[in-house]
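> Enclosed is the structure file coords_0.cif (mmCIF, C-alpha atoms).
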```
data_my_file
loop_
_atom_site.label_atom_id
_atom_site.label_comp_id
_atom_site.auth_asym_id
_atom_site.auth_seq_id
_atom_site.Cartn_x
_atom_site.Cartn_y
_atom_site.Cartn_z
CA MET F 1 118.39 179.68 216.81
CA HIS F 2 115.02 179.28 215.11
CA LEU F 3 112.08 181.23 216.49
CA ARG F 4 108.74 179.59 215.91
CA HIS F 5 105.67 181.75 216.29
CA SER F 6 102.80 180.27 218.29
CA ASN F 7 99.62 179.28 216.49
CA ARG F 8 97.05 182.00 217.09
CA SER F 9 94.22 179.45 216.80
CA ALA F 10 95.46 177.46 219.82
CA GLU F 11 93.33 177.62 222.96
CA ALA F 12 94.51 177.66 226.57
CA ASN F 13 92.83 174.32 227.35
CA GLU F 14 94.87 172.73 224.55
CA ILE F 15 98.18 174.27 225.56
CA ARG F 16 97.97 173.63 229.31
CA PRO F 17 98.22 169.78 229.12
CA LEU F 18 101.28 170.08 226.88
CA VAL F 19 102.97 172.47 229.31
CA GLU F 20 102.17 170.22 232.28
CA THR F 21 103.46 167.14 230.44
CA ASN F 22 106.74 168.71 229.37
CA PHE F 23 107.52 171.02 232.27
CA GLY F 24 105.29 169.96 235.16
CA GLY F 25 107.76 167.38 236.41
CA ILE F 26 110.58 169.87 236.88
CA SER F 27 111.04 170.52 240.59
CA ALA F 28 111.22 174.05 241.95
CA GLN F 29 114.66 175.25 242.96
CA PRO F 30 114.73 175.75 246.76
CA SER F 31 117.64 178.18 246.43
CA ILE F 32 115.50 180.65 244.51
CA PRO F 33 113.43 182.83 246.89
CA GLU F 34 109.72 183.27 246.18
CA GLU F 35 110.23 187.01 245.98
CA ARG F 36 113.30 188.42 244.32
CA LEU F 37 115.71 190.14 246.69
CA ARG F 38 116.33 193.54 245.16
CA PRO F 39 118.98 196.09 246.19
CA GLN F 40 117.40 198.98 248.09
CA GLU F 41 118.33 202.63 248.26
CA PRO F 42 119.69 203.36 251.77
CA THR F 43 117.77 205.79 253.94
CA PRO F 44 119.00 209.29 253.01
CA ALA F 45 120.93 211.06 255.75
CA ALA F 46 121.64 214.46 254.18
CA PRO F 47 120.72 216.50 251.09
CA ARG F 48 122.90 215.84 248.06
CA THR F 49 123.62 217.86 244.92
CA VAL F 50 124.77 217.01 241.41
CA THR F 51 125.94 219.58 238.85
CA LEU F 52 126.22 218.99 235.12
CA ALA F 53 127.94 221.70 233.08
CA ASP F 54 128.15 221.66 229.31
CA PRO F 55 128.84 224.40 226.74
CA ARG F 56 125.85 223.21 224.69
CA VAL F 57 123.34 224.02 227.44
CA GLU F 58 121.05 226.85 226.35
CA GLN F 59 118.58 226.73 229.22
CA PRO F 60 119.72 226.05 232.83
CA ALA F 61 117.42 223.88 234.92
CA LEU F 62 116.94 222.69 238.48
CA HIS F 63 115.52 219.28 239.41
CA ARG F 64 115.05 218.12 243.00
CA TYR F 65 114.34 214.43 243.62
CA TYR F 66 112.84 213.07 246.84
CA LEU F 67 112.91 209.36 247.67
CA VAL F 68 109.28 208.36 248.35
CA PRO F 69 107.31 205.09 248.42
CA SER F 70 105.57 203.70 245.34
CA ALA F 71 102.05 202.27 245.33
CA ARG F 72 103.62 198.85 245.96
CA THR F 73 105.80 199.86 248.92
CA ALA F 74 103.62 202.57 250.49
CA ALA F 75 101.44 202.10 253.54
CA ALA F 76 97.71 201.79 252.91
CA GLY F 77 96.34 205.01 251.41
CA GLU F 78 99.73 206.73 251.24
CA SER F 79 100.28 206.64 247.48
CA PRO F 80 97.01 208.49 246.64
CA VAL F 81 98.02 211.19 249.12
CA LEU F 82 101.30 211.67 247.26
CA GLU F 83 99.38 211.93 243.99
CA VAL F 84 97.22 214.71 245.44
CA LEU F 85 100.29 216.41 246.91
CA GLU F 86 102.00 216.30 243.51
CA GLN F 87 99.08 218.11 241.87
CA LEU F 88 98.78 220.66 244.68
CA ILE F 89 102.46 221.56 244.50
CA GLY F 90 103.16 221.44 240.79
CA GLY F 91 100.19 220.32 238.71
CA GLY F 92 99.53 223.24 236.38
CA VAL F 93 99.15 227.01 236.52
CA ASN F 94 97.01 226.89 239.68
CA SER F 95 99.59 224.90 241.64
CA TYR F 96 101.39 226.39 244.62
CA LEU F 97 104.81 226.26 242.96
CA TYR F 98 103.64 227.92 239.77
CA ARG F 99 101.90 230.71 241.65
CA ALA F 100 104.90 231.37 243.91
CA LEU F 101 107.79 230.97 241.47
CA VAL F 102 106.30 232.05 238.15
CA ILE F 103 103.49 234.50 238.94
CA ASP F 104 104.29 236.09 242.31
CA LYS F 105 108.10 236.16 242.48
CA GLN F 106 108.79 235.78 238.74
CA LEU F 107 111.86 233.65 239.42
CA THR F 108 111.18 230.94 236.86
CA ILE F 109 109.70 230.34 233.43
CA GLY F 110 107.99 227.20 234.68
CA ALA F 111 107.68 225.04 237.79
CA THR F 112 106.25 221.52 238.00
CA ALA F 113 106.09 218.47 240.24
CA SER F 114 105.74 214.80 239.32
CA TYR F 115 105.23 211.53 241.17
CA GLN F 116 105.25 208.05 239.61
CA PRO F 117 103.30 205.59 241.80
CA THR F 118 104.03 202.50 239.69
CA ALA F 119 107.43 201.10 240.61
CA LEU F 120 108.73 197.80 241.99
CA ASP F 121 110.65 199.52 244.77
CA SER F 122 110.73 203.09 246.03
CA SER F 123 109.69 205.86 243.68
CA ARG F 124 110.56 209.54 243.39
CA PHE F 125 108.82 212.86 243.80
CA VAL F 126 110.40 215.42 241.48
CA ILE F 127 110.25 219.21 241.55
CA SER F 128 111.53 220.97 238.43
CA ALA F 129 112.08 224.64 237.64
CA ILE F 130 113.50 226.64 234.74
CA PRO F 131 115.06 229.92 235.98
CA ASN F 132 114.50 233.30 234.42
CA PRO F 133 117.64 235.08 233.16
CA CYS F 134 119.94 236.33 235.94
CA VAL F 135 118.08 234.37 238.65
CA LYS F 136 120.30 232.25 240.90
CA PHE F 137 119.49 228.67 241.84
CA GLY F 138 119.66 229.62 245.51
CA GLN F 139 116.74 232.04 245.09
CA ILE F 140 114.64 229.33 243.49
CA GLU F 141 115.49 226.75 246.15
CA ARG F 142 114.54 229.12 248.96
CA ALA F 143 111.19 229.75 247.27
CA ILE F 144 110.62 226.00 246.83
CA ASP F 145 111.48 225.40 250.50
CA GLU F 146 108.95 228.07 251.51
CA VAL F 147 106.17 226.43 249.51
CA ILE F 148 106.90 223.01 251.00
CA ALA F 149 107.19 224.39 254.55
CA ASN F 150 103.84 226.14 254.17
CA ILE F 151 102.11 222.91 253.11
CA ALA F 152 103.87 220.90 255.84
CA HIS F 153 102.84 223.25 258.63
CA ASN F 154 99.50 224.62 257.42
CA PRO F 155 96.65 222.45 256.10
CA ALA F 156 95.93 223.08 252.43
CA ARG F 157 92.67 224.80 251.57
CA ILE F 158 89.78 222.38 251.18
CA GLU F 159 88.77 223.91 247.84
CA ASP F 160 92.30 223.37 246.48
CA ILE F 161 92.30 219.73 247.53
CA GLU F 162 88.83 219.12 246.09
CA ARG F 163 89.85 220.75 242.80
CA VAL F 164 92.89 218.50 242.53
CA LYS F 165 90.94 215.37 243.48
CA THR F 166 88.29 216.15 240.87
CA ARG F 167 90.97 216.52 238.21
CA LEU F 168 92.66 213.23 239.10
CA ILE F 169 89.37 211.31 239.17
CA ALA F 170 88.25 212.86 235.87
CA ARG F 171 91.56 211.88 234.31
CA ALA F 172 91.02 208.26 235.40
CA ILE F 173 87.48 208.27 233.98
CA TYR F 174 88.55 209.71 230.62
CA ALA F 175 91.35 207.14 230.41
CA GLN F 176 88.71 204.38 230.30
CA ASP F 177 87.73 205.57 226.81
CA ASN F 178 91.28 205.06 225.56
CA GLN F 179 92.20 201.42 225.03
CA GLU F 180 95.90 202.19 224.80
CA ALA F 181 95.83 204.17 228.05
CA LEU F 182 93.92 201.36 229.77
CA ALA F 183 96.39 198.74 228.58
CA ASN F 184 99.28 200.92 229.72
CA ARG F 185 97.69 201.53 233.12
CA TYR F 186 96.96 197.86 233.83
CA GLY F 187 100.25 196.70 232.36
CA ARG F 188 102.30 199.06 234.53
CA GLY F 189 100.30 198.20 237.63
CA LEU F 190 100.37 194.43 237.23
CA SER F 191 104.05 194.38 236.29
CA THR F 192 104.97 196.27 239.46
CA GLY F 193 103.12 194.09 241.95
CA LEU F 194 99.63 195.62 242.07
CA CYS F 195 96.46 193.58 241.63
CA ILE F 196 93.36 194.32 239.56
CA ASP F 197 91.46 195.65 242.59
CA ASP F 198 94.31 198.07 243.39
CA ILE F 199 94.18 199.49 239.87
CA ARG F 200 90.38 199.70 239.72
CA GLY F 201 90.19 201.31 243.15
CA CYS F 202 92.60 204.18 242.50
CA SER F 203 89.77 206.74 242.27
CA ASP F 204 88.37 205.61 245.64
CA GLY F 205 91.81 206.15 247.15
CA ILE F 206 91.92 209.69 245.75
CA ARG F 207 88.43 210.48 247.12
CA ALA F 208 89.51 209.47 250.63
CA VAL F 209 92.44 211.93 250.80
CA GLY F 210 92.06 214.77 253.31
CA ALA F 211 93.95 217.96 254.17
CA GLN F 212 95.62 216.50 257.25
CA GLN F 213 96.97 213.55 255.27
CA VAL F 214 98.47 215.90 252.68
CA ARG F 215 100.11 217.94 255.42
CA GLU F 216 101.61 214.86 257.07
CA ALA F 217 102.89 213.51 253.73
CA ALA F 218 104.62 216.80 252.92
CA ARG F 219 106.25 216.86 256.34
CA LYS F 220 107.33 213.22 256.20
CA TRP F 221 108.45 212.75 252.60
CA LEU F 222 109.43 216.20 251.33
CA ASP F 223 112.19 216.49 253.89
CA LYS F 224 115.21 218.09 252.26
CA ARG F 225 117.46 215.48 253.86
CA ARG F 226 115.77 212.93 251.60
CA SER F 227 116.55 214.90 248.44
CA VAL F 228 119.04 215.04 245.60
CA THR F 229 119.14 218.33 243.69
CA GLY F 230 120.52 218.48 240.18
CA TYR F 231 121.73 221.64 238.46
CA LEU F 232 122.10 221.85 234.70
CA ILE F 233 124.29 224.82 233.78
CA LYS F 234 126.11 226.19 230.78
CA GLU F 235 129.85 225.71 230.87
CA PRO F 236 131.86 228.52 229.27
CA THR F 237 133.36 227.48 225.97
CA PRO F 238 137.13 227.18 226.43
CA LYS F 239 139.15 229.70 224.48
CA HIS F 240 141.58 228.18 222.03
CA GLU F 241 144.90 229.92 222.01
CA GLU F 242 146.34 230.51 218.60
CA LYS F 243 149.57 228.62 218.09
CA ARG F 244 152.40 230.59 216.57
#
```
Take the structure in this file and express it as structure tokens.

Amino acid sequence: MHLRHSNRSAEANEIRPLVETNFGGISAQPSIPEERLRPQEPTPAAPRTVTLADPRVEQPALHRYYLVPSARTAAAGESPVLEVLEQLIGGGVNSYLYRALVIDKQLTIGATASYQPTALDSSRFVISAIPNPCVKFGQIERAIDEVIANIAHNPARIEDIERVKTRLIARAIYAQDNQEALANRYGRGLSTGLCIDDIRGCSDGIRAVGAQQVREAARKWLDKRRSVTGYLIKEPTPKHEEKR
């Protein structure tokens, strides 16, 4: 097969007639749907766990994944709320998880949360924690559940929400000075079904988020029945018996 590179001096108005002449007469296939039918994750019915043990593991870790909507599949205004919730729960040393698990209870070395809004289908909201020595995973999970329950039943402080919103908006503004970041942002958005207005209006969506919306999102999406928790642990090295 010979690959021929396109002429960089060609213009769109020159190429379009050639494309129409050579390919315009090909009829569309009625058997191909306009929108691709993609397999979907079934609605979770119960919490699930996965354990990976390996003798090479030096640092145990816990990761809890929640099935949540992406910017493409979410209801109007729902994805920005999840972005704010992500920062409130695990976005830095002032986040609720970090304060509870690292500073107050000293259960973990670190605690973070992440949410990826750009996806073709559903996305995931991830909570991660690295335990301190001699701390059990059960202790960490109970502390995580307490943080989530508090947000789900008590509106977050207005000053915390405004701090997080300011950070997210500032991040979007600074990204406009970085051509690579801009290309990445628009490329990910357009390739996952968003339009230009959706991408440009992300800061407006963040500004509109309120405490009650955050509370409802935590209650609806951070339900443990929607989660999969992974444990990374060190497996004892098997002892090799000496053959005589």
> If you count only C-alpha atoms, which residues fall within 12 Å of F:Ala149, apart from same-chain ones fewer than 6 positions away, as an NGL selection string?
:F and (89 or 96-97 or 142-143 or 155-156 or 215-224)
> May I ask for the distance between atom CA of F:Glu141 and atom CA of F:Gln40, given in Å to one decimal place?
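Atom CA of F:Gln40 lies 27.9 Å from atom CA of F:Glu141.
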> Show me, as a list in words, the residues that have an atom within 6 Å of F:Leu62 when counting only C-alpha atoms, minus same-chain residues fewer than 4 positions from it.
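These residues fall inside the cut-off: Ser128, Ala129, Gly230 and Tyr231 of chain F.
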> Pick from F:Ile158, F:Ala61, F:Ile130, F:Ala74: nearest to F:Leu194, with only C-alpha atoms counted?
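Looking at the shortest contact to F:Leu194, the residue is F:Ala74.
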> How many Å lie between atom CA of F:Ile199 and atom CA of F:Leu88, rounded to one decimal?
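Atom-to-atom, atom CA of F:Ile199 and atom CA of F:Leu88 are spaced 22.2 Å apart.
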> Measure the distance from atom CA of F:Ala181 to atom CA of F:Leu168 in Å and round it to one decimal.
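Pair atom CA of F:Ala181 / atom CA of F:Leu168 returns 14.6 Å.
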> Got a sec to resolve the PyMOL selection byres ((chain F and resi 193) around 10) on this structure and send the residues as a PyMOL selection string?
chain F and resi 71-73+118-121+188-192+194-195+198
> Quick test: take stretch 87-214 of chain F, keep C-alpha atoms, and write it as a tab-separated table (two decimals), in the first residue's frame.

```
chain	number	residue	atom	x	y	z
F	87	GLN	CA	-13.13	19.83	43.73
F	88	LEU	CA	-15.06	20.13	46.99
F	89	ILE	CA	-14.47	16.49	47.88
F	90	GLY	CA	-10.95	15.90	46.67
F	91	GLY	CA	-9.41	18.89	44.91
F	92	GLY	CA	-6.34	19.71	46.98
F	93	VAL	CA	-5.37	20.21	50.61
F	94	ASN	CA	-8.50	22.26	51.39
F	95	SER	CA	-10.87	19.55	50.14
F	96	TYR	CA	-13.19	17.71	52.51
F	97	LEU	CA	-11.52	14.35	51.96
F	98	TYR	CA	-8.02	15.67	52.55
F	99	ARG	CA	-9.05	17.44	55.74
F	100	ALA	CA	-10.88	14.40	57.11
F	101	LEU	CA	-8.57	11.56	56.08
F	102	VAL	CA	-5.13	13.20	56.07
F	103	ILE	CA	-5.26	16.06	58.58
F	104	ASP	CA	-7.96	15.21	61.13
F	105	LYS	CA	-7.96	11.40	61.33
F	106	GLN	CA	-4.48	10.81	59.86
F	107	LEU	CA	-5.65	7.66	58.10
F	108	THR	CA	-4.04	8.32	54.74
F	109	ILE	CA	-1.02	9.89	53.10
F	110	GLY	CA	-3.21	11.44	50.44
F	111	ALA	CA	-6.83	11.59	49.31
F	112	THR	CA	-8.14	12.89	45.98
F	113	ALA	CA	-11.20	12.88	43.74
F	114	SER	CA	-11.44	13.14	39.96
F	115	TYR	CA	-14.20	13.49	37.38
F	116	GLN	CA	-13.75	13.40	33.60
F	117	PRO	CA	-16.66	15.20	31.87
F	118	THR	CA	-15.54	14.43	28.30
F	119	ALA	CA	-16.70	10.95	27.32
F	120	LEU	CA	-18.96	9.50	24.63
F	121	ASP	CA	-21.02	7.55	27.14
F	122	SER	CA	-21.14	7.56	30.93
F	123	SER	CA	-18.12	8.77	32.84
F	124	ARG	CA	-16.70	8.02	36.27
F	125	PHE	CA	-16.17	9.87	39.52
F	126	VAL	CA	-13.13	8.44	41.30
F	127	ILE	CA	-12.07	8.71	44.94
F	128	SER	CA	-8.51	7.59	45.71
F	129	ALA	CA	-6.65	7.19	48.98
F	130	ILE	CA	-3.22	5.92	50.05
F	131	PRO	CA	-3.36	4.43	53.59
F	132	ASN	CA	-0.89	5.16	56.33
F	133	PRO	CA	0.97	2.11	57.72
F	134	CYS	CA	-1.22	-0.22	59.81
F	135	VAL	CA	-4.46	1.49	58.70
F	136	LYS	CA	-7.15	-0.87	57.40
F	137	PHE	CA	-9.15	-0.20	54.26
F	138	GLY	CA	-12.36	-0.46	56.27
F	139	GLN	CA	-11.35	2.55	58.39
F	140	ILE	CA	-10.71	4.61	55.27
F	141	GLU	CA	-13.99	3.59	53.63
F	142	ARG	CA	-15.99	4.54	56.71
F	143	ALA	CA	-14.33	7.96	56.73
F	144	ILE	CA	-15.05	8.42	53.00
F	145	ASP	CA	-18.70	7.43	53.56
F	146	GLU	CA	-18.96	10.01	56.35
F	147	VAL	CA	-17.65	12.80	54.12
F	148	ILE	CA	-20.07	11.90	51.32
F	149	ALA	CA	-23.02	11.56	53.71
F	150	ASN	CA	-22.27	14.97	55.19
F	151	ILE	CA	-22.30	16.62	51.75
F	152	ALA	CA	-25.43	14.71	50.69
F	153	HIS	CA	-27.43	15.74	53.75
F	154	ASN	CA	-26.00	19.16	54.62
F	155	PRO	CA	-25.50	21.97	52.08
F	156	ALA	CA	-21.83	22.82	51.57
F	157	ARG	CA	-20.63	26.16	52.87
F	158	ILE	CA	-21.09	28.98	50.38
F	159	GLU	CA	-17.49	30.14	50.82
F	160	ASP	CA	-16.21	26.64	49.97
F	161	ILE	CA	-18.31	26.49	46.82
F	162	GLU	CA	-17.25	29.97	45.72
F	163	ARG	CA	-13.59	29.11	46.31
F	164	VAL	CA	-13.89	26.00	44.16
F	165	LYS	CA	-15.81	27.82	41.41
F	166	THR	CA	-13.19	30.58	41.31
F	167	ARG	CA	-10.43	27.99	40.93
F	168	LEU	CA	-12.20	26.16	38.10
F	169	ILE	CA	-12.98	29.38	36.22
F	170	ALA	CA	-9.41	30.65	36.67
F	171	ARG	CA	-8.08	27.35	35.34
F	172	ALA	CA	-10.23	27.74	32.21
F	173	ILE	CA	-9.01	31.32	31.71
F	174	TYR	CA	-5.33	30.40	32.10
F	175	ALA	CA	-5.80	27.53	29.65
F	176	GLN	CA	-6.62	30.07	26.93
F	177	ASP	CA	-2.97	31.20	26.99
F	178	ASN	CA	-1.80	27.68	26.21
F	179	GLN	CA	-2.35	26.65	22.60
F	180	GLU	CA	-1.75	22.98	23.34
F	181	ALA	CA	-4.26	23.02	26.21
F	182	LEU	CA	-6.82	24.78	24.01
F	183	ALA	CA	-6.37	22.26	21.20
F	184	ASN	CA	-6.69	19.42	23.70
F	185	ARG	CA	-9.81	20.92	25.26
F	186	TYR	CA	-11.61	21.51	21.96
F	187	GLY	CA	-10.43	18.22	20.48
F	188	ARG	CA	-11.72	16.19	23.43
F	189	GLY	CA	-15.00	18.07	23.50
F	190	LEU	CA	-15.75	17.89	19.78
F	191	SER	CA	-14.73	14.23	19.54
F	192	THR	CA	-17.15	13.29	22.31
F	193	GLY	CA	-20.25	14.99	20.94
F	194	LEU	CA	-20.04	18.51	22.35
F	195	CYS	CA	-20.36	21.63	20.21
F	196	ILE	CA	-18.28	24.82	20.22
F	197	ASP	CA	-20.84	26.67	22.36
F	198	ASP	CA	-20.77	23.88	24.96
F	199	ILE	CA	-17.00	24.16	25.26
F	200	ARG	CA	-16.93	27.96	25.33
F	201	GLY	CA	-19.73	28.11	27.89
F	202	CYS	CA	-18.16	25.81	30.48
F	203	SER	CA	-17.29	28.74	32.80
F	204	ASP	CA	-20.89	29.99	32.69
F	205	GLY	CA	-22.03	26.53	33.75
F	206	ILE	CA	-19.64	26.59	36.70
F	207	ARG	CA	-20.83	30.05	37.78
F	208	ALA	CA	-24.44	28.83	37.90
F	209	VAL	CA	-23.75	25.99	40.37
F	210	GLY	CA	-25.31	26.38	43.82
F	211	ALA	CA	-25.10	24.58	47.16
F	212	GLN	CA	-28.41	22.76	46.74
F	213	GLN	CA	-27.35	21.38	43.36
F	214	VAL	CA	-24.13	20.03	44.85
```
